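Quick look at entry-v8.txt (compact mmCIF, C-alpha atoms):
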# COMPACT_ATOMS: atom_id res chain seq x y z
CA MET P 238 0.72 -17.51 -40.52
CA HIS P 239 4.29 -17.26 -39.31
CA THR P 240 3.11 -16.02 -35.89
CA ALA P 241 0.60 -18.84 -35.60
CA ALA P 242 3.33 -21.33 -36.40
CA ASN P 243 5.55 -19.73 -33.78
CA ILE P 244 2.79 -19.92 -31.16
CA LEU P 245 2.14 -23.55 -32.06
CA ALA P 246 5.84 -24.35 -31.86
CA THR P 247 6.13 -22.64 -28.47
CA ALA P 248 3.03 -24.40 -27.16
CA THR P 249 4.39 -27.75 -28.31
CA ALA P 250 7.79 -27.02 -26.81
CA THR P 251 6.45 -25.95 -23.43
CA GLY P 252 3.81 -28.68 -23.34
CA PRO P 253 5.89 -31.17 -21.35
CA TYR P 254 6.66 -28.47 -18.79
CA LEU P 255 3.05 -27.54 -17.96
CA PHE P 256 3.07 -29.33 -14.61
CA TRP P 257 6.39 -27.75 -13.77
CA ILE P 258 5.13 -24.26 -14.69
CA THR P 259 1.91 -24.87 -12.73
CA SER P 260 3.89 -25.87 -9.66
CA ARG P 261 6.08 -22.77 -9.83
CA ALA P 262 3.13 -20.45 -10.42
CA ALA P 263 1.17 -22.00 -7.55
CA GLY P 264 4.18 -21.68 -5.27
CA ILE P 265 4.56 -18.00 -6.12
CA ALA P 266 0.84 -17.40 -5.62
CA ALA P 267 0.94 -19.23 -2.27
CA LEU P 268 3.86 -17.15 -1.06
CA LEU P 269 2.24 -13.85 -2.01
CA LEU P 270 -1.17 -14.82 -0.61
CA SER P 271 0.28 -16.07 2.66
CA SER P 272 2.29 -12.86 3.07
CA VAL P 273 -0.83 -10.75 2.58
CA SER P 274 -2.70 -13.05 4.96
CA VAL P 275 -0.04 -12.51 7.65
CA CYS P 276 -0.31 -8.75 7.10
CA VAL P 277 -4.09 -8.84 7.48
CA GLY P 278 -3.83 -11.10 10.53
CA LEU P 279 -1.45 -8.71 12.20
CA LEU P 280 -3.66 -5.75 11.28
CA MET P 281 -6.55 -7.46 13.08
CA GLY P 282 -4.67 -7.24 16.35
CA GLY P 283 -3.65 -3.62 15.83
CA ARG P 284 -5.48 -0.40 16.51
CA LEU P 285 -5.28 0.96 12.99
CA LEU P 286 -8.35 -0.77 11.54
CA ARG P 287 -10.21 -1.67 14.71
CA HIS P 288 -13.60 -0.75 13.27
CA ARG P 289 -12.98 -3.03 10.28
CA ARG P 290 -12.14 -6.09 12.35
CA SER P 291 -14.96 -8.31 11.07
CA GLU P 292 -14.05 -7.60 7.45
CA LEU P 293 -10.37 -8.20 8.19
CA ARG P 294 -11.25 -11.52 9.81
CA ILE P 295 -13.17 -12.67 6.73
CA THR P 296 -10.34 -11.50 4.46
CA HIS P 297 -7.74 -13.27 6.62
CA GLU P 298 -9.74 -16.49 6.56
CA ALA P 299 -10.30 -16.36 2.78
CA LEU P 300 -6.63 -15.59 2.13
CA SER P 301 -5.51 -18.45 4.37
CA LEU P 302 -7.77 -20.93 2.57
CA ALA P 303 -6.54 -19.64 -0.79
CA THR P 304 -2.94 -20.07 0.41
CA LEU P 305 -3.56 -23.66 1.48
CA THR P 306 -5.21 -24.42 -1.87
CA ALA P 307 -2.26 -22.91 -3.75
CA ILE P 308 0.23 -24.96 -1.70
CA VAL P 309 -1.73 -28.14 -2.42
CA VAL P 310 -1.65 -27.31 -6.16
CA HIS P 311 2.09 -26.51 -5.83
CA GLY P 312 2.82 -29.94 -4.37
CA LEU P 313 0.39 -32.08 -6.34
CA SER P 314 1.42 -30.67 -9.71
CA LEU P 315 4.93 -31.98 -9.03
CA LEU P 316 3.46 -35.47 -9.09
CA GLY P 317 2.46 -34.94 -12.70
CA ASP P 318 5.89 -33.72 -13.78
CA SER P 319 7.53 -36.51 -15.75
CA TYR P 320 11.07 -35.23 -15.09
CA VAL P 321 11.04 -34.81 -11.34
CA HIS P 322 9.42 -38.20 -10.72
CA SER P 323 8.27 -37.19 -7.24
CA SER P 324 6.15 -39.59 -5.26
CA LEU P 325 3.44 -38.62 -2.80
CA GLY P 326 5.87 -39.40 0.01
CA ASP P 327 8.52 -37.11 -1.47
CA ILE P 328 6.17 -34.13 -1.40
CA ALA P 329 4.42 -34.91 1.88
CA ILE P 330 7.07 -36.36 4.21
CA PRO P 331 10.06 -34.24 5.23
CA PHE P 332 13.62 -35.49 4.66
CA LEU P 333 12.51 -38.16 2.19
CA ASP P 334 13.22 -36.40 -1.11
CA GLY P 335 16.85 -36.54 -2.15
CA TYR P 336 16.84 -33.22 -3.97
CA LYS P 337 17.81 -30.20 -1.81
CA THR P 338 16.53 -32.11 1.17
CA LEU P 339 16.76 -29.30 3.73
CA TRP P 340 14.95 -26.66 1.64
CA THR P 341 12.30 -29.13 0.49
CA SER P 342 11.72 -30.35 4.04
CA MET P 343 11.34 -26.77 5.21
CA GLY P 344 8.56 -26.28 2.69
CA ILE P 345 6.83 -29.51 3.70
CA VAL P 346 7.01 -28.68 7.41
CA ALA P 347 5.72 -25.17 6.68
CA PHE P 348 2.75 -26.61 4.77
CA TRP P 349 1.76 -29.04 7.52
CA ALA P 350 2.14 -26.36 10.16
CA LEU P 351 0.03 -23.90 8.17
CA LEU P 352 -2.59 -26.57 7.53
CA VAL P 353 -2.91 -27.59 11.17
CA LEU P 354 -2.67 -24.08 12.61
CA GLY P 355 -4.97 -22.65 9.96
CA LEU P 356 -7.69 -25.27 10.12
CA SER P 357 -7.58 -25.32 13.93
CA TYR P 358 -9.56 -22.06 13.69
CA TYR P 359 -12.66 -24.17 13.06
CA ALA P 360 -12.02 -26.17 16.22
CA ARG P 361 -11.13 -23.26 18.47
CA GLY P 362 -14.24 -23.87 20.54
CA ARG P 363 -12.92 -27.28 21.53
CA ILE P 364 -9.31 -26.19 21.86
CA GLY P 365 -10.15 -23.12 23.88
CA VAL P 366 -9.91 -19.64 22.45
CA GLN P 367 -6.91 -18.57 24.54
CA ARG P 368 -4.98 -21.75 23.79
CA TRP P 369 -5.86 -21.54 20.10
CA ARG P 370 -4.71 -17.91 19.98
CA MET P 371 -1.40 -18.87 21.54
CA LEU P 372 -1.00 -21.72 19.03
CA HIS P 373 -2.00 -19.54 16.10
CA ARG P 374 1.03 -17.30 16.69
CA PHE P 375 3.18 -20.14 15.36
CA ALA P 376 1.52 -19.67 11.96
CA ALA P 377 3.82 -16.69 11.46
CA LEU P 378 6.79 -19.00 12.07
CA ALA P 379 5.44 -21.42 9.47
CA TRP P 380 5.10 -18.53 7.02
CA ILE P 381 8.74 -17.55 7.62
CA LEU P 382 9.73 -21.18 7.01
CA GLY P 383 7.85 -21.08 3.70
CA LEU P 384 9.54 -17.83 2.79
CA VAL P 385 12.99 -19.33 3.49
CA HIS P 386 12.01 -22.43 1.45
CA SER P 387 11.06 -20.32 -1.57
CA LEU P 388 14.16 -18.14 -1.37
CA GLY P 389 16.45 -21.12 -0.86
CA GLU P 390 14.99 -23.55 -3.37
CA GLY P 391 12.78 -21.49 -5.68
CA THR P 392 13.82 -21.55 -9.32
CA ASP P 393 12.89 -17.88 -9.65
CA ALA P 394 14.52 -16.84 -6.36
CA GLY P 395 17.26 -14.94 -8.17
CA GLN P 396 14.89 -13.10 -10.49
CA ALA P 397 14.32 -9.39 -9.92
CA TRP P 398 10.56 -9.56 -10.58
CA PHE P 399 10.16 -12.37 -8.05
CA LEU P 400 12.22 -10.66 -5.36
CA ALA P 401 10.39 -7.35 -5.92
CA SER P 402 6.93 -8.91 -5.76
CA VAL P 403 7.81 -10.90 -2.64
CA ALA P 404 9.39 -7.84 -1.00
CA ILE P 405 6.24 -5.77 -1.58
CA VAL P 406 4.18 -8.13 0.59
CA ALA P 407 6.77 -9.81 2.81
CA VAL P 408 8.63 -6.73 4.06
CA PRO P 409 5.50 -5.09 5.55
CA ALA P 410 4.52 -8.41 7.13
CA LEU P 411 7.99 -8.91 8.60
CA SER P 412 8.05 -5.31 9.87
CA MET P 413 4.66 -5.67 11.52
CA LEU P 414 5.69 -8.99 13.01
CA ALA P 415 8.89 -7.47 14.38
CA ALA P 416 6.97 -4.50 15.77
CA ARG P 417 4.53 -6.86 17.44
CA ARG P 418 7.30 -8.98 18.94
CA LEU P 419 9.36 -6.00 20.08
CA SER P 420 6.47 -4.35 21.92
CA PRO P 421 5.00 -6.98 24.24
CA ALA P 422 2.74 -4.40 25.87
CA SER P 423 0.94 -3.64 22.61
CA ALA P 424 0.71 -7.35 21.83
CA ALA P 425 -0.84 -8.06 25.18
CA GLN P 426 -3.24 -5.17 24.73
CA ALA P 427 -4.17 -6.35 21.26
CA GLY P 428 -4.73 -9.84 22.58
CA ALA P 429 -6.93 -8.54 25.32
CA THR P 430 -9.06 -6.40 23.02
CA ARG P 431 -9.58 -9.17 20.45
CA MET V 71 -56.54 4.33 37.25
CA SER V 72 -58.51 6.90 35.19
CA ALA V 73 -60.01 6.30 31.75
CA SER V 74 -57.71 8.79 30.11
CA ALA V 75 -54.72 6.93 31.46
CA ARG V 76 -56.06 3.65 30.05
CA THR V 77 -56.48 5.08 26.55
CA ALA V 78 -52.97 6.40 26.72
CA GLU V 79 -51.65 2.90 27.59
CA GLN V 80 -53.40 1.14 24.69
CA PRO V 81 -51.23 2.52 21.86
CA ARG V 82 -48.20 1.98 24.09
CA GLY V 83 -49.04 -1.75 24.24
CA LYS V 84 -49.09 -2.03 20.45
CA ALA V 85 -45.97 0.04 20.04
CA PRO V 86 -43.53 -2.47 21.63
CA ALA V 87 -44.82 -5.24 19.36
CA ARG V 88 -44.37 -3.06 16.31
CA SER V 89 -40.98 -1.86 17.42
CA ARG V 90 -39.92 -5.47 18.13
CA ARG V 91 -40.94 -6.41 14.62
CA GLN V 92 -39.02 -3.44 13.30
CA ALA V 93 -36.01 -4.36 15.39
CA GLU V 94 -36.11 -7.94 14.14
CA ALA V 95 -36.33 -6.72 10.58
CA LEU V 96 -33.42 -4.40 11.21
CA VAL V 97 -31.35 -7.23 12.71
CA ARG V 98 -32.21 -9.47 9.76
CA GLU V 99 -31.29 -6.73 7.36
CA ARG V 100 -27.97 -6.13 9.09
CA ARG V 101 -27.22 -9.84 9.20
CA ASP V 102 -27.95 -10.10 5.49
CA ALA V 103 -25.72 -7.12 4.84
CA VAL V 104 -22.88 -8.76 6.79
CA ARG V 105 -23.38 -12.00 4.86
CA ARG V 106 -23.40 -10.14 1.56
CA ARG V 107 -20.22 -8.31 2.53
CA ALA V 108 -18.55 -11.58 3.57
CA ARG V 109 -19.55 -13.22 0.29
CA ARG V 110 -18.22 -10.25 -1.64
CA ILE V 111 -14.89 -10.36 0.21
CA ARG V 112 -14.55 -14.13 -0.33
CA ARG V 113 -15.33 -13.76 -4.02
CA SER V 114 -12.82 -10.96 -4.48
CA VAL V 115 -10.11 -12.90 -2.63
CA ALA V 116 -10.82 -15.92 -4.85
CA ALA V 117 -10.65 -13.72 -7.95
CA VAL V 118 -7.38 -12.13 -6.79
CA SER V 119 -5.91 -15.57 -6.07
CA VAL V 120 -6.82 -16.92 -9.50
CA THR V 121 -5.49 -13.77 -11.16
CA LEU V 122 -2.25 -14.00 -9.19
CA PHE V 123 -1.80 -17.63 -10.23
CA ALA V 124 -2.59 -16.81 -13.86
CA VAL V 125 -0.11 -13.92 -13.93
CA ALA V 126 2.62 -16.03 -12.31
CA PHE V 127 1.88 -18.87 -14.76
CA LEU V 128 2.11 -16.47 -17.70
CA VAL V 129 5.37 -14.93 -16.49
CA VAL V 130 7.01 -18.34 -15.97
CA TYR V 131 5.62 -19.61 -19.30
CA VAL V 132 6.92 -16.60 -21.26
CA GLN V 133 10.23 -16.87 -19.44
CA LEU V 134 10.55 -20.52 -20.39
CA ALA V 135 9.39 -20.06 -23.99
CA SER V 136 11.71 -17.11 -24.61
CA GLY V 137 14.72 -18.98 -23.24
CA HIS V 138 15.19 -16.71 -20.21
CA ASP V 139 14.23 -19.32 -17.65
CA PRO V 140 16.73 -19.27 -14.76
CA ALA V 141 16.94 -23.07 -14.65
CA LEU V 142 17.53 -23.29 -18.40
CA VAL V 143 20.15 -20.53 -18.34
CA ALA V 144 21.99 -22.07 -15.38
CA ASN V 145 22.05 -25.47 -17.03
CA ALA V 146 23.12 -24.05 -20.36
CA GLU V 147 26.03 -22.32 -18.63
CA ARG V 148 26.93 -25.51 -16.78
CA ARG V 149 26.67 -27.44 -20.04
CA ALA V 150 28.89 -24.96 -21.86
CA ALA V 151 31.43 -25.04 -19.04
CA SER V 152 31.53 -28.84 -18.99
CA ALA V 153 31.76 -28.98 -22.79
CA THR V 154 34.72 -26.59 -22.86
CA SER V 155 36.49 -28.45 -20.07
CA VAL V 156 35.94 -31.77 -21.82
CA SER V 157 37.20 -30.40 -25.14
CA ARG V 158 40.23 -28.88 -23.40
CA GLU V 159 41.02 -32.17 -21.73
CA SER V 160 40.62 -34.03 -24.99
CA SER V 161 42.78 -31.54 -26.90
CA GLN V 162 45.44 -31.81 -24.19
CA SER V 163 45.37 -35.58 -24.41
CA ALA V 164 45.48 -35.29 -28.20
CA THR V 165 48.62 -33.19 -28.10
CA MET V 166 50.15 -35.60 -25.61
CA SER V 167 49.53 -38.61 -27.86
CA GLY V 168 49.48 -37.54 -31.49
CA SER V 169 48.14 -40.80 -32.90
CA SER V 170 44.87 -40.65 -30.92
CA THR V 171 43.84 -37.17 -32.15
CA GLY V 172 40.85 -38.26 -34.18
CA THR V 173 39.33 -40.47 -31.54
CA GLY V 174 39.89 -37.81 -28.84
CA SER V 175 38.00 -35.09 -30.67
CA GLY V 176 35.31 -37.57 -31.56
CA ALA V 177 34.87 -38.47 -27.93
CA SER V 178 34.60 -34.84 -26.94
CA ASP V 179 32.02 -34.19 -29.63
CA SER V 180 29.89 -37.10 -28.67
CA SER V 181 30.04 -36.25 -24.98
CA ALA V 182 29.00 -32.67 -25.66
CA SER V 183 26.08 -33.63 -27.84
CA GLY V 184 25.19 -36.51 -25.58
CA SER V 185 24.97 -34.37 -22.47
CA GLU V 186 22.85 -31.74 -24.20
CA PRO V 187 19.49 -33.46 -24.02
CA GLU V 188 20.11 -34.62 -20.49
CA THR V 189 20.91 -31.17 -19.27
CA GLY V 190 17.98 -29.86 -21.23
CA GLU V 191 15.85 -32.34 -19.40
CA SER V 192 17.20 -31.36 -16.02
CA SER V 193 16.84 -27.69 -16.81
CA ALA V 194 13.19 -28.16 -17.54
CA SER V 195 12.63 -29.35 -14.04
CA GLY V 196 14.92 -26.88 -12.38
CA GLY V 197 17.78 -29.29 -11.99
CA GLU V 198 15.74 -31.84 -10.10
CA ALA V 199 16.12 -34.28 -12.95
CA GLU V 200 19.78 -34.66 -12.10
CA THR V 201 18.64 -37.68 -10.18
CA SER V 202 16.78 -39.01 -13.22
CA GLU V 203 19.62 -38.75 -15.69
CA SER V 204 19.11 -42.22 -16.97
CA SER V 205 15.35 -42.03 -17.18
CA ALA V 206 13.51 -43.72 -20.00
CA SER V 207 11.88 -40.44 -21.06
CA GLY V 208 15.18 -39.04 -22.28
CA SER V 209 13.99 -38.83 -25.85
CA GLU V 210 10.91 -36.91 -24.82
CA ALA V 211 12.99 -34.49 -22.86
CA SER V 212 15.41 -33.96 -25.69
CA SER V 213 12.61 -33.20 -28.11
CA GLY V 214 10.99 -30.79 -25.67
CA ALA V 215 14.22 -29.04 -24.86
CA SER V 216 15.24 -28.72 -28.48
CA ALA V 217 11.82 -27.32 -29.31
CA VAL V 218 12.25 -24.68 -26.63
CA THR V 219 15.63 -23.73 -27.98
CA THR V 220 14.11 -23.63 -31.46
CA SER V 221 11.48 -21.21 -30.28
CA GLN V 222 14.26 -19.18 -28.68
CA SER V 223 15.95 -18.67 -32.00

Can you dump the structure from the file as structure tokens?
Amino acid sequence: MHTAANILATATATGPYLFWITSRAAGIAALLLSSVSVCVGLLMGGRLLRHRRSELRITHEALSLATLTAIVVHGLSLLGDSYVHSSLGDIAIPFLDGYKTLWTSMGIVAFWALLVLGLSYYARGRIGVQRWRMLHRFAALAWILGLVHSLGEGTDAGQAWFLASVAIVAVPALSMLAARRLSPASAAQAGATR
Amino acid sequence: MSASARTAEQPRGKAPARSRRQAEALVRERRDAVRRRARRIRRSVAAVSVTLFAVAFLVVYVQLASGHDPALVANAERRAASATSVSRESSQSATMSGSSTGTGSGASDSSASGSEPETGESSASGGEAETSESSASGSEASSGASAVTTSQS
């Protein structure tokens, strides 16, 4: 009886914050999913899992779409939060929101970049495969921008569990990205074999 | 061409048709297998994504309900710091002018209690509500924040 009352009290107390919690959870999910997606994308170009390329491609695509969905939830749920009072412009247009303008704008730019670079996959026939591949490399930059946004503005950025979970997926992705950038010969080879 | 050669060619003529059919069936089978695998991968990624969101939601929810939310803690500390500085200032002014002691402490009390719901409100939204200090939903925020602190205790 006492426990039920406690649960009810907690549910009532946290009720007004549901949009806020949803936004934070979606942001965390988006960051983790995008990091894994970058890892898988970089693995596709490597030699390690060459025979699994088609499966990696499907995984990369699914993870990217899941990331975009999570970011959309992250932004839209802020509209429902009665304390932030964000407008659609605040969450969609960079440098419009007054709160932590630089960090927020970084997140917005990262989202638009990921959306355009991600969905351009479906128009790569029109764009040209080589040109699209060159453009798609900037998706990693957008991911880094998102990472900086979450570490700079994220409410949970100082929490050990958050930093540990992000490190588990982001450090391998960053290492692979650095390895790819530092060895242009392997990158060129990977690009040629793709 | 001899008759024996002709009879040898006849089964060969049927064989390509059969093998083509077999090859087509094999291709279809492989294509279906690829599609099944793709569907399975997409489903598992969707399941992982939903699980990840649910876990993150739960962690943040428990954090908030138990009073260990970073935004709440930061604002509580800020609130405490501002309350102590205000009370110090008021006590200093009280000692400076002895006649205004009662009104000075009263002012400090009211400012401390008055800022509480507002900071509670801003803590709920990670400090973003600093811009909406004078929002009409102040009473809502105060009730929500006090309920969270009640569940803390």

Residues of chain P were defined as contacting chain V if any atom lay at most 7 Å from it, counting all atoms listed in the file; please report them as a PyMOL selection string. chain P and resi 246-247+250-251+253-254+257-259+262-263+265-266+295-296+299-300+303+320-321+336+392-393

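Once Phe256 of chain P and its same-chain neighbours fewer than 6 positions away are set aside, Ala262, Val310, His311, Leu313, Ser314, Leu315, Leu316, Gly317, Asp318, Ser319 and Tyr320 of chain P; Ser195 of chain V remain within 10 Å of it when counting all atoms listed in the file.
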
Please return, as number ranges by chain, all polymer residues that have at least one atom within 12 Å of the point (13.5, -21.3, -2.2); use only C-alpha atoms and the file's own coordinate frame. P: 261, 264-265, 268, 337-344, 381-396, 399-400, 403; V: 196

May I have the residues within 8 Å of Ala407 of chain P as a VMD selection string, using all atoms listed in the file and disregarding those fewer than 6 positions away in the same chain? chain P and resid 269 272 to 273

If we count only C-alpha atoms, what is near Ile328 of chain P at a cut-off of 8 Å, once residues fewer than 6 positions away on the same chain are taken out, given as JSON, numbers by chain? {"P": [312, 313, 334, 345]}

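Atom CA of Ser274 of chain P to atom CA of Ile364 of chain P spans 22.4 Å [interatomic distance, one decimal].
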
Can you list, as a list in words, every protein, DNA or RNA residue that comes within 9 Å of Trp380 of chain P when you count all atoms listed in the file, leaving out same-chain residues fewer than 6 positions away?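 Near neighbours after the sequence-gap exclusion: Leu268, Ser271, Ser272, Val275, Ala347, Phe348, Ala350 and Leu351 of chain P.
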
Give me, please, the distance in Å between atom CA of Ser357 of chain P and atom CA of Trp369 of chain P, quoted to one decimal. 7.4 Å

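We find atom CA of Leu279 of chain P and atom CA of Met413 of chain P to be spaced 6.9 Å apart.
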
Can you find the residues with an atom no farther than 6 Å from (10.3, -39.6, -1.6), counting only C-alpha atoms, and report them as an mmCIF file with C-alpha atoms, keeping the file's coordinate frame?
data_model
loop_
_atom_site.group_PDB
_atom_site.id
_atom_site.type_symbol
_atom_site.label_atom_id
_atom_site.label_comp_id
_atom_site.auth_asym_id
_atom_site.auth_seq_id
_atom_site.Cartn_x
_atom_site.Cartn_y
_atom_site.Cartn_z
ATOM 1 C CA SER P 324 6.150 -39.590 -5.260
ATOM 2 C CA GLY P 326 5.870 -39.400 0.010
ATOM 3 C CA ASP P 327 8.520 -37.110 -1.470
ATOM 4 C CA LEU P 333 12.510 -38.160 2.190
ATOM 5 C CA ASP P 334 13.220 -36.400 -1.110
#

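Compared by their closest atoms to Ala307 of chain P, and using all atoms listed in the file, the residues P:Val406, P:Leu352, P:Ile330, P:Leu285 rank with P:Leu352 nearest.
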